[in-house]
file structure-v4.txt (compact mmCIF, N, CA and C atoms)
# COMPACT_ATOMS: atom_id res chain seq x y z
N MET A 19 -28.92 -31.79 9.44
CA MET A 19 -28.92 -30.47 8.84
C MET A 19 -30.25 -29.79 9.14
N GLY A 20 -30.20 -28.53 9.53
CA GLY A 20 -31.40 -27.78 9.88
C GLY A 20 -32.11 -27.24 8.66
N ILE A 21 -33.25 -26.63 8.93
CA ILE A 21 -34.01 -26.03 7.83
C ILE A 21 -33.38 -24.69 7.45
N GLY A 22 -33.68 -24.23 6.25
CA GLY A 22 -33.14 -22.96 5.79
C GLY A 22 -33.81 -21.78 6.46
N ALA A 23 -33.20 -20.64 6.32
CA ALA A 23 -33.68 -19.44 6.99
C ALA A 23 -35.08 -19.04 6.53
N ILE A 24 -35.35 -19.15 5.24
CA ILE A 24 -36.68 -18.78 4.74
C ILE A 24 -37.73 -19.73 5.28
N GLU A 25 -37.42 -21.01 5.22
CA GLU A 25 -38.37 -22.02 5.72
C GLU A 25 -38.63 -21.82 7.21
N TYR A 26 -37.60 -21.52 7.96
CA TYR A 26 -37.74 -21.26 9.39
C TYR A 26 -38.63 -20.04 9.63
N ALA A 27 -38.38 -18.96 8.90
CA ALA A 27 -39.18 -17.75 9.06
C ALA A 27 -40.64 -17.99 8.68
N VAL A 28 -40.86 -18.73 7.61
CA VAL A 28 -42.23 -19.04 7.18
C VAL A 28 -42.94 -19.85 8.26
N SER A 29 -42.24 -20.81 8.83
CA SER A 29 -42.88 -21.63 9.87
C SER A 29 -43.25 -20.78 11.09
N LEU A 30 -42.41 -19.83 11.45
CA LEU A 30 -42.72 -18.95 12.59
C LEU A 30 -43.90 -18.03 12.30
N VAL A 31 -43.91 -17.44 11.11
CA VAL A 31 -45.01 -16.56 10.73
C VAL A 31 -46.32 -17.34 10.67
N ASN A 32 -46.28 -18.52 10.07
CA ASN A 32 -47.49 -19.35 10.01
C ASN A 32 -47.96 -19.76 11.40
N ARG A 33 -47.02 -20.05 12.27
CA ARG A 33 -47.37 -20.38 13.66
C ARG A 33 -48.08 -19.21 14.33
N ALA A 34 -47.55 -18.00 14.13
CA ALA A 34 -48.18 -16.80 14.70
C ALA A 34 -49.58 -16.60 14.13
N ILE A 35 -49.71 -16.78 12.82
CA ILE A 35 -51.01 -16.62 12.17
C ILE A 35 -51.99 -17.65 12.70
N ASP A 36 -51.56 -18.91 12.77
CA ASP A 36 -52.42 -19.98 13.27
C ASP A 36 -52.86 -19.72 14.71
N PHE A 37 -52.01 -19.09 15.49
CA PHE A 37 -52.30 -18.77 16.88
C PHE A 37 -53.22 -17.55 17.00
N GLY A 38 -53.40 -16.83 15.88
CA GLY A 38 -54.25 -15.66 15.88
C GLY A 38 -53.50 -14.36 16.09
N PHE A 39 -52.17 -14.43 16.12
CA PHE A 39 -51.36 -13.22 16.28
C PHE A 39 -51.02 -12.72 14.89
N ASP A 40 -51.94 -11.93 14.34
CA ASP A 40 -51.80 -11.46 12.96
C ASP A 40 -52.58 -10.17 12.81
N TRP A 41 -52.24 -9.42 11.77
CA TRP A 41 -52.95 -8.20 11.47
C TRP A 41 -54.28 -8.54 10.82
N GLU A 42 -55.25 -7.61 10.92
CA GLU A 42 -56.56 -7.84 10.32
C GLU A 42 -56.49 -7.79 8.80
N LYS A 43 -55.67 -6.86 8.27
CA LYS A 43 -55.58 -6.68 6.83
C LYS A 43 -54.12 -6.76 6.40
N THR A 44 -53.92 -7.14 5.15
CA THR A 44 -52.57 -7.18 4.62
C THR A 44 -51.94 -5.80 4.64
N SER A 45 -52.74 -4.77 4.40
CA SER A 45 -52.19 -3.41 4.42
C SER A 45 -51.61 -3.07 5.79
N ASP A 46 -52.16 -3.66 6.85
CA ASP A 46 -51.58 -3.47 8.19
C ASP A 46 -50.21 -4.13 8.28
N SER A 47 -50.07 -5.27 7.62
CA SER A 47 -48.78 -5.95 7.58
C SER A 47 -47.75 -5.12 6.80
N VAL A 48 -48.21 -4.48 5.74
CA VAL A 48 -47.32 -3.59 4.98
C VAL A 48 -46.90 -2.42 5.85
N ASP A 49 -47.85 -1.87 6.60
CA ASP A 49 -47.52 -0.76 7.51
C ASP A 49 -46.46 -1.20 8.53
N ALA A 50 -46.59 -2.44 9.02
CA ALA A 50 -45.60 -2.95 9.98
C ALA A 50 -44.22 -3.04 9.32
N ALA A 51 -44.17 -3.46 8.06
CA ALA A 51 -42.89 -3.54 7.35
C ALA A 51 -42.29 -2.15 7.17
N VAL A 52 -43.14 -1.17 6.86
CA VAL A 52 -42.67 0.21 6.70
C VAL A 52 -42.07 0.72 8.02
N LEU A 53 -42.75 0.44 9.12
CA LEU A 53 -42.23 0.85 10.43
C LEU A 53 -40.88 0.21 10.72
N GLU A 54 -40.75 -1.07 10.36
CA GLU A 54 -39.47 -1.75 10.57
C GLU A 54 -38.38 -1.13 9.70
N ALA A 55 -38.73 -0.76 8.47
CA ALA A 55 -37.75 -0.10 7.59
C ALA A 55 -37.30 1.22 8.20
N GLN A 56 -38.23 1.93 8.82
CA GLN A 56 -37.88 3.18 9.48
C GLN A 56 -36.94 2.93 10.65
N GLU A 57 -37.12 1.82 11.36
CA GLU A 57 -36.24 1.46 12.46
C GLU A 57 -34.83 1.16 11.95
N ILE A 58 -34.74 0.53 10.80
CA ILE A 58 -33.43 0.26 10.18
C ILE A 58 -32.74 1.58 9.88
N LYS A 59 -33.46 2.47 9.24
CA LYS A 59 -32.89 3.77 8.87
C LYS A 59 -32.41 4.51 10.11
N LYS A 60 -33.21 4.50 11.15
CA LYS A 60 -32.84 5.16 12.40
C LYS A 60 -31.56 4.55 12.98
N ALA A 61 -31.48 3.23 12.98
CA ALA A 61 -30.29 2.55 13.51
C ALA A 61 -29.05 2.89 12.70
N VAL A 62 -29.20 2.95 11.38
CA VAL A 62 -28.07 3.29 10.52
C VAL A 62 -27.65 4.74 10.73
N LEU A 63 -28.62 5.64 10.74
CA LEU A 63 -28.31 7.06 10.92
C LEU A 63 -27.67 7.34 12.28
N ASN A 64 -28.04 6.55 13.27
CA ASN A 64 -27.47 6.72 14.61
C ASN A 64 -26.18 5.92 14.81
N ALA A 65 -25.68 5.35 13.71
CA ALA A 65 -24.44 4.56 13.74
C ALA A 65 -24.47 3.51 14.85
N GLU A 66 -25.62 2.83 14.94
CA GLU A 66 -25.74 1.77 15.94
C GLU A 66 -24.93 0.55 15.51
N SER A 67 -24.78 -0.38 16.40
CA SER A 67 -23.94 -1.55 16.15
C SER A 67 -24.49 -2.40 15.02
N PRO A 68 -23.61 -3.15 14.36
CA PRO A 68 -24.09 -4.07 13.33
C PRO A 68 -25.12 -5.06 13.89
N GLU A 69 -24.96 -5.45 15.13
CA GLU A 69 -25.92 -6.38 15.74
C GLU A 69 -27.31 -5.74 15.85
N ARG A 70 -27.35 -4.48 16.19
CA ARG A 70 -28.63 -3.77 16.29
C ARG A 70 -29.26 -3.62 14.91
N ILE A 71 -28.47 -3.28 13.92
CA ILE A 71 -28.98 -3.16 12.55
C ILE A 71 -29.47 -4.52 12.06
N GLN A 72 -28.72 -5.56 12.37
CA GLN A 72 -29.14 -6.91 11.99
C GLN A 72 -30.48 -7.27 12.62
N GLU A 73 -30.64 -6.91 13.88
CA GLU A 73 -31.91 -7.18 14.57
C GLU A 73 -33.07 -6.50 13.86
N GLU A 74 -32.88 -5.24 13.51
CA GLU A 74 -33.94 -4.50 12.81
C GLU A 74 -34.18 -5.07 11.41
N MET A 75 -33.11 -5.47 10.74
CA MET A 75 -33.27 -6.09 9.41
C MET A 75 -34.07 -7.38 9.51
N GLY A 76 -33.79 -8.16 10.55
CA GLY A 76 -34.54 -9.40 10.75
C GLY A 76 -36.02 -9.13 10.95
N ASP A 77 -36.33 -8.12 11.76
CA ASP A 77 -37.74 -7.75 11.98
C ASP A 77 -38.39 -7.34 10.66
N PHE A 78 -37.65 -6.56 9.85
CA PHE A 78 -38.16 -6.12 8.56
C PHE A 78 -38.42 -7.31 7.63
N LEU A 79 -37.47 -8.22 7.58
CA LEU A 79 -37.64 -9.38 6.69
C LEU A 79 -38.83 -10.23 7.11
N LEU A 80 -39.00 -10.42 8.43
CA LEU A 80 -40.17 -11.18 8.90
C LEU A 80 -41.47 -10.46 8.53
N ALA A 81 -41.48 -9.15 8.64
CA ALA A 81 -42.67 -8.39 8.25
C ALA A 81 -42.95 -8.55 6.76
N CYS A 82 -41.90 -8.52 5.94
CA CYS A 82 -42.07 -8.72 4.49
C CYS A 82 -42.58 -10.13 4.19
N ILE A 83 -42.04 -11.11 4.88
CA ILE A 83 -42.49 -12.50 4.69
C ILE A 83 -43.97 -12.63 5.07
N THR A 84 -44.38 -11.93 6.11
CA THR A 84 -45.79 -11.95 6.51
C THR A 84 -46.68 -11.44 5.38
N VAL A 85 -46.28 -10.37 4.74
CA VAL A 85 -47.06 -9.83 3.62
C VAL A 85 -47.15 -10.86 2.50
N LEU A 86 -46.03 -11.47 2.16
CA LEU A 86 -46.02 -12.47 1.09
C LEU A 86 -46.92 -13.66 1.43
N ILE A 87 -46.85 -14.13 2.66
CA ILE A 87 -47.69 -15.25 3.07
C ILE A 87 -49.17 -14.88 3.00
N ARG A 88 -49.51 -13.71 3.52
CA ARG A 88 -50.92 -13.27 3.50
C ARG A 88 -51.45 -13.17 2.06
N GLU A 89 -50.58 -12.77 1.14
CA GLU A 89 -50.98 -12.62 -0.25
C GLU A 89 -50.79 -13.91 -1.06
N LYS A 90 -50.36 -14.97 -0.37
CA LYS A 90 -50.14 -16.28 -1.01
C LYS A 90 -49.17 -16.18 -2.19
N ILE A 91 -48.07 -15.45 -1.95
CA ILE A 91 -47.03 -15.27 -2.96
C ILE A 91 -45.82 -16.10 -2.56
N ASP A 92 -45.27 -16.84 -3.50
CA ASP A 92 -44.13 -17.71 -3.23
C ASP A 92 -42.89 -16.87 -2.93
N ILE A 93 -42.32 -17.09 -1.76
CA ILE A 93 -41.19 -16.28 -1.30
C ILE A 93 -39.94 -16.56 -2.11
N GLU A 94 -39.61 -17.81 -2.31
CA GLU A 94 -38.42 -18.16 -3.10
C GLU A 94 -38.50 -17.56 -4.49
N ASN A 95 -39.64 -17.72 -5.13
CA ASN A 95 -39.82 -17.18 -6.48
C ASN A 95 -39.71 -15.66 -6.48
N THR A 96 -40.26 -15.04 -5.45
CA THR A 96 -40.18 -13.58 -5.33
C THR A 96 -38.73 -13.12 -5.29
N LEU A 97 -37.92 -13.79 -4.47
CA LEU A 97 -36.51 -13.43 -4.37
C LEU A 97 -35.76 -13.69 -5.67
N ILE A 98 -36.07 -14.79 -6.32
CA ILE A 98 -35.42 -15.12 -7.59
C ILE A 98 -35.79 -14.07 -8.65
N GLN A 99 -37.07 -13.74 -8.73
CA GLN A 99 -37.51 -12.74 -9.71
C GLN A 99 -36.90 -11.37 -9.42
N ALA A 100 -36.82 -11.01 -8.15
CA ALA A 100 -36.20 -9.73 -7.79
C ALA A 100 -34.73 -9.72 -8.17
N GLY A 101 -34.06 -10.84 -7.95
CA GLY A 101 -32.65 -10.95 -8.33
C GLY A 101 -32.46 -10.83 -9.83
N LYS A 102 -33.32 -11.50 -10.59
CA LYS A 102 -33.23 -11.42 -12.06
C LYS A 102 -33.49 -9.99 -12.55
N LYS A 103 -34.47 -9.34 -11.96
CA LYS A 103 -34.79 -7.96 -12.34
C LYS A 103 -33.60 -7.04 -12.05
N PHE A 104 -33.01 -7.21 -10.87
CA PHE A 104 -31.87 -6.37 -10.51
C PHE A 104 -30.68 -6.68 -11.39
N GLU A 105 -30.46 -7.95 -11.69
CA GLU A 105 -29.34 -8.33 -12.55
C GLU A 105 -29.48 -7.69 -13.93
N LYS A 106 -30.69 -7.69 -14.47
CA LYS A 106 -30.94 -7.07 -15.77
C LYS A 106 -30.67 -5.56 -15.70
N ARG A 107 -31.16 -4.94 -14.64
CA ARG A 107 -30.94 -3.49 -14.47
C ARG A 107 -29.46 -3.18 -14.28
N LEU A 108 -28.78 -4.00 -13.51
CA LEU A 108 -27.36 -3.79 -13.27
C LEU A 108 -26.57 -3.90 -14.57
N SER A 109 -26.90 -4.87 -15.40
CA SER A 109 -26.22 -5.02 -16.69
C SER A 109 -26.44 -3.78 -17.55
N CYS A 110 -27.65 -3.28 -17.55
CA CYS A 110 -27.95 -2.06 -18.31
C CYS A 110 -27.18 -0.88 -17.73
N LEU A 111 -27.12 -0.78 -16.40
CA LEU A 111 -26.38 0.30 -15.74
C LEU A 111 -24.90 0.25 -16.10
N GLU A 112 -24.34 -0.94 -16.13
CA GLU A 112 -22.92 -1.09 -16.51
C GLU A 112 -22.71 -0.62 -17.94
N LEU A 113 -23.63 -0.98 -18.83
CA LEU A 113 -23.53 -0.57 -20.23
C LEU A 113 -23.66 0.95 -20.37
N LEU A 114 -24.66 1.51 -19.73
CA LEU A 114 -24.85 2.97 -19.78
C LEU A 114 -23.65 3.70 -19.19
N SER A 115 -23.10 3.16 -18.13
CA SER A 115 -21.93 3.78 -17.50
C SER A 115 -20.76 3.81 -18.47
N LYS A 116 -20.52 2.69 -19.14
CA LYS A 116 -19.43 2.63 -20.11
C LYS A 116 -19.68 3.60 -21.27
N GLU A 117 -20.93 3.68 -21.73
CA GLU A 117 -21.28 4.61 -22.80
C GLU A 117 -21.04 6.07 -22.36
N SER A 118 -21.16 6.31 -21.06
CA SER A 118 -20.94 7.66 -20.51
C SER A 118 -19.49 7.89 -20.12
N GLY A 119 -18.64 6.90 -20.39
CA GLY A 119 -17.22 7.05 -20.11
C GLY A 119 -16.77 6.62 -18.72
N PHE A 120 -17.63 5.89 -18.02
CA PHE A 120 -17.27 5.43 -16.67
C PHE A 120 -17.05 3.92 -16.69
N LEU A 121 -15.86 3.48 -16.29
CA LEU A 121 -15.61 2.05 -16.17
C LEU A 121 -16.23 1.50 -14.89
N SER A 122 -16.41 2.38 -13.93
CA SER A 122 -17.00 2.04 -12.64
C SER A 122 -17.69 3.28 -12.09
N LEU A 123 -18.65 3.06 -11.21
CA LEU A 123 -19.31 4.18 -10.55
C LEU A 123 -18.78 4.38 -9.13
N ARG A 124 -17.76 3.63 -8.80
CA ARG A 124 -17.23 3.62 -7.44
C ARG A 124 -16.94 5.02 -6.88
N ASN A 125 -16.29 5.87 -7.61
CA ASN A 125 -15.90 7.19 -7.10
C ASN A 125 -16.72 8.33 -7.71
N GLN A 126 -17.84 7.98 -8.31
CA GLN A 126 -18.67 9.00 -8.95
C GLN A 126 -19.64 9.60 -7.93
N PRO A 127 -20.00 10.87 -8.12
CA PRO A 127 -20.96 11.50 -7.22
C PRO A 127 -22.34 10.84 -7.34
N ILE A 128 -23.09 10.94 -6.28
CA ILE A 128 -24.41 10.31 -6.23
C ILE A 128 -25.31 10.81 -7.35
N GLU A 129 -25.15 12.05 -7.76
CA GLU A 129 -25.99 12.61 -8.82
C GLU A 129 -25.83 11.84 -10.13
N ILE A 130 -24.62 11.45 -10.43
CA ILE A 130 -24.37 10.67 -11.65
C ILE A 130 -25.00 9.29 -11.51
N LYS A 131 -24.85 8.69 -10.37
CA LYS A 131 -25.43 7.36 -10.13
C LYS A 131 -26.95 7.40 -10.28
N ILE A 132 -27.57 8.43 -9.70
CA ILE A 132 -29.03 8.56 -9.78
C ILE A 132 -29.46 8.81 -11.21
N ARG A 133 -28.75 9.68 -11.93
CA ARG A 133 -29.09 9.97 -13.32
C ARG A 133 -29.03 8.71 -14.18
N LEU A 134 -27.97 7.94 -14.02
CA LEU A 134 -27.83 6.71 -14.79
C LEU A 134 -28.90 5.68 -14.41
N TRP A 135 -29.20 5.59 -13.11
CA TRP A 135 -30.21 4.63 -12.66
C TRP A 135 -31.58 5.00 -13.25
N LYS A 136 -31.89 6.30 -13.30
CA LYS A 136 -33.15 6.74 -13.91
C LYS A 136 -33.19 6.38 -15.39
N GLN A 137 -32.04 6.50 -16.06
CA GLN A 137 -31.98 6.12 -17.48
C GLN A 137 -32.25 4.62 -17.63
N VAL A 138 -31.73 3.83 -16.72
CA VAL A 138 -31.98 2.38 -16.76
C VAL A 138 -33.48 2.12 -16.66
N LYS A 139 -34.12 2.76 -15.69
CA LYS A 139 -35.55 2.54 -15.49
C LYS A 139 -36.36 3.08 -16.66
N ASP A 140 -35.93 4.19 -17.26
CA ASP A 140 -36.62 4.74 -18.43
C ASP A 140 -36.52 3.76 -19.61
N ARG A 141 -35.33 3.21 -19.81
CA ARG A 141 -35.17 2.22 -20.90
C ARG A 141 -36.06 1.01 -20.66
N GLU A 142 -36.16 0.61 -19.41
CA GLU A 142 -37.00 -0.53 -19.05
C GLU A 142 -38.47 -0.23 -19.37
N LYS A 143 -38.92 0.97 -19.04
CA LYS A 143 -40.30 1.36 -19.34
C LYS A 143 -40.53 1.40 -20.84
N ASP A 144 -39.57 1.99 -21.59
CA ASP A 144 -39.70 2.08 -23.04
C ASP A 144 -39.76 0.70 -23.68
N ALA A 145 -38.98 -0.23 -23.16
CA ALA A 145 -38.95 -1.59 -23.72
C ALA A 145 -40.24 -2.34 -23.47
N SER A 146 -40.96 -1.98 -22.41
CA SER A 146 -42.20 -2.69 -22.08
C SER A 146 -43.41 -2.14 -22.82
N LYS A 147 -43.22 -1.07 -23.59
CA LYS A 147 -44.35 -0.47 -24.34
C LYS A 147 -44.63 -1.23 -25.60
call {"tool": "encode", "arguments": {"input": "structure-v4.txt", "output": "structure tokens"}}
result
Amino acid sequence: MGIGAIEYAVSLVNRAIDFGFDWEKTSDSVDAAVLEAQEIKKAVLNAESPERIQEEMGDFLLACITVLIREKIDIENTLIQAGKKFEKRLSCLELLSKESGFLSLRNQPIEIKIRLWKQVKDREKDASK
């Protein structure tokens, strides 16, 4: 059985860093991730192939992993915490949607989705005070 995708990516990034192929500052690594995100957006807007979008997503994920490694942040824990945060927000969104009379947001206009999502984030801020 091979290594997992995260472990494989970490080993490649560490290999590049050990070889000296790295940015001088972490902020440069963040800039690289931003550029990769822009490439994803461009590929999506241009209706490029799923393979092309996947390629750009891979570049973006590697750039993000580089930032985490440089900052000595645990990648697995980061993903788990992000998942828990989103799960909590999603549960709140589902509750707010039902309170607003929506069983689902599937066919709702984007304005309603954005309004409800802002309410979720506002509740989150209020709860942390």
call {"tool": "atom_distance", "arguments": {"input": "structure-v4.txt", "atom1": "atom N of Ser47 of chain A", "atom2": "atom N of Val85 of chain A"}}
result
7.0 Å
call {"tool": "residues_around", "arguments": {"input": "structure-v4.txt", "residues": "Val52 of chain A", "least_positions_apart": "5", "cutoff": "12 Å", "atoms": "only C-alpha atoms", "output": "list in words"}}
result
Ser45, Asp46, Ser47, Glu57, Ile58, Lys59, Glu74, Met75, Asp77, Phe78, Leu79, Leu80, Ala81, Cys82 and Val85 of chain A
call {"tool": "residues_around", "arguments": {"input": "structure-v4.txt", "residues": "Cys110 of chain A", "least_positions_apart": "6", "cutoff": "10 Å", "atoms": "only C-alpha atoms", "output": "VMD selection string"}}
result
chain A and resid 104 116 134 to 135 137 to 139 141 to 142
call {"tool": "select_by_dssp", "arguments": {"input": "structure-v4.txt", "residues": "segment 30-124 of chain A", "states": "helix (DSSP H, G or I)", "output": "PyMOL selection string"}}
result
chain A and resi 30-37+44-63+68-88+93-117
call {"tool": "atom_distance", "arguments": {"input": "structure-v4.txt", "atom1": "atom C of Arg88 of chain A", "atom2": "atom N of Glu25 of chain A"}}
result
16.4 Å
call {"tool": "atom_distance", "arguments": {"input": "structure-v4.txt", "atom1": "atom C of Gln72 of chain A", "atom2": "atom N of Val28 of chain A"}}
result
16.3 Å
call {"tool": "residues_around", "arguments": {"input": "structure-v4.txt", "residues": "Ala34 of chain A", "least_positions_apart": "4", "cutoff": "12 Å", "atoms": "only C-alpha atoms", "output": "PyMOL selection string"}}
result
chain A and resi 27-30+38-41+80-81+84+87
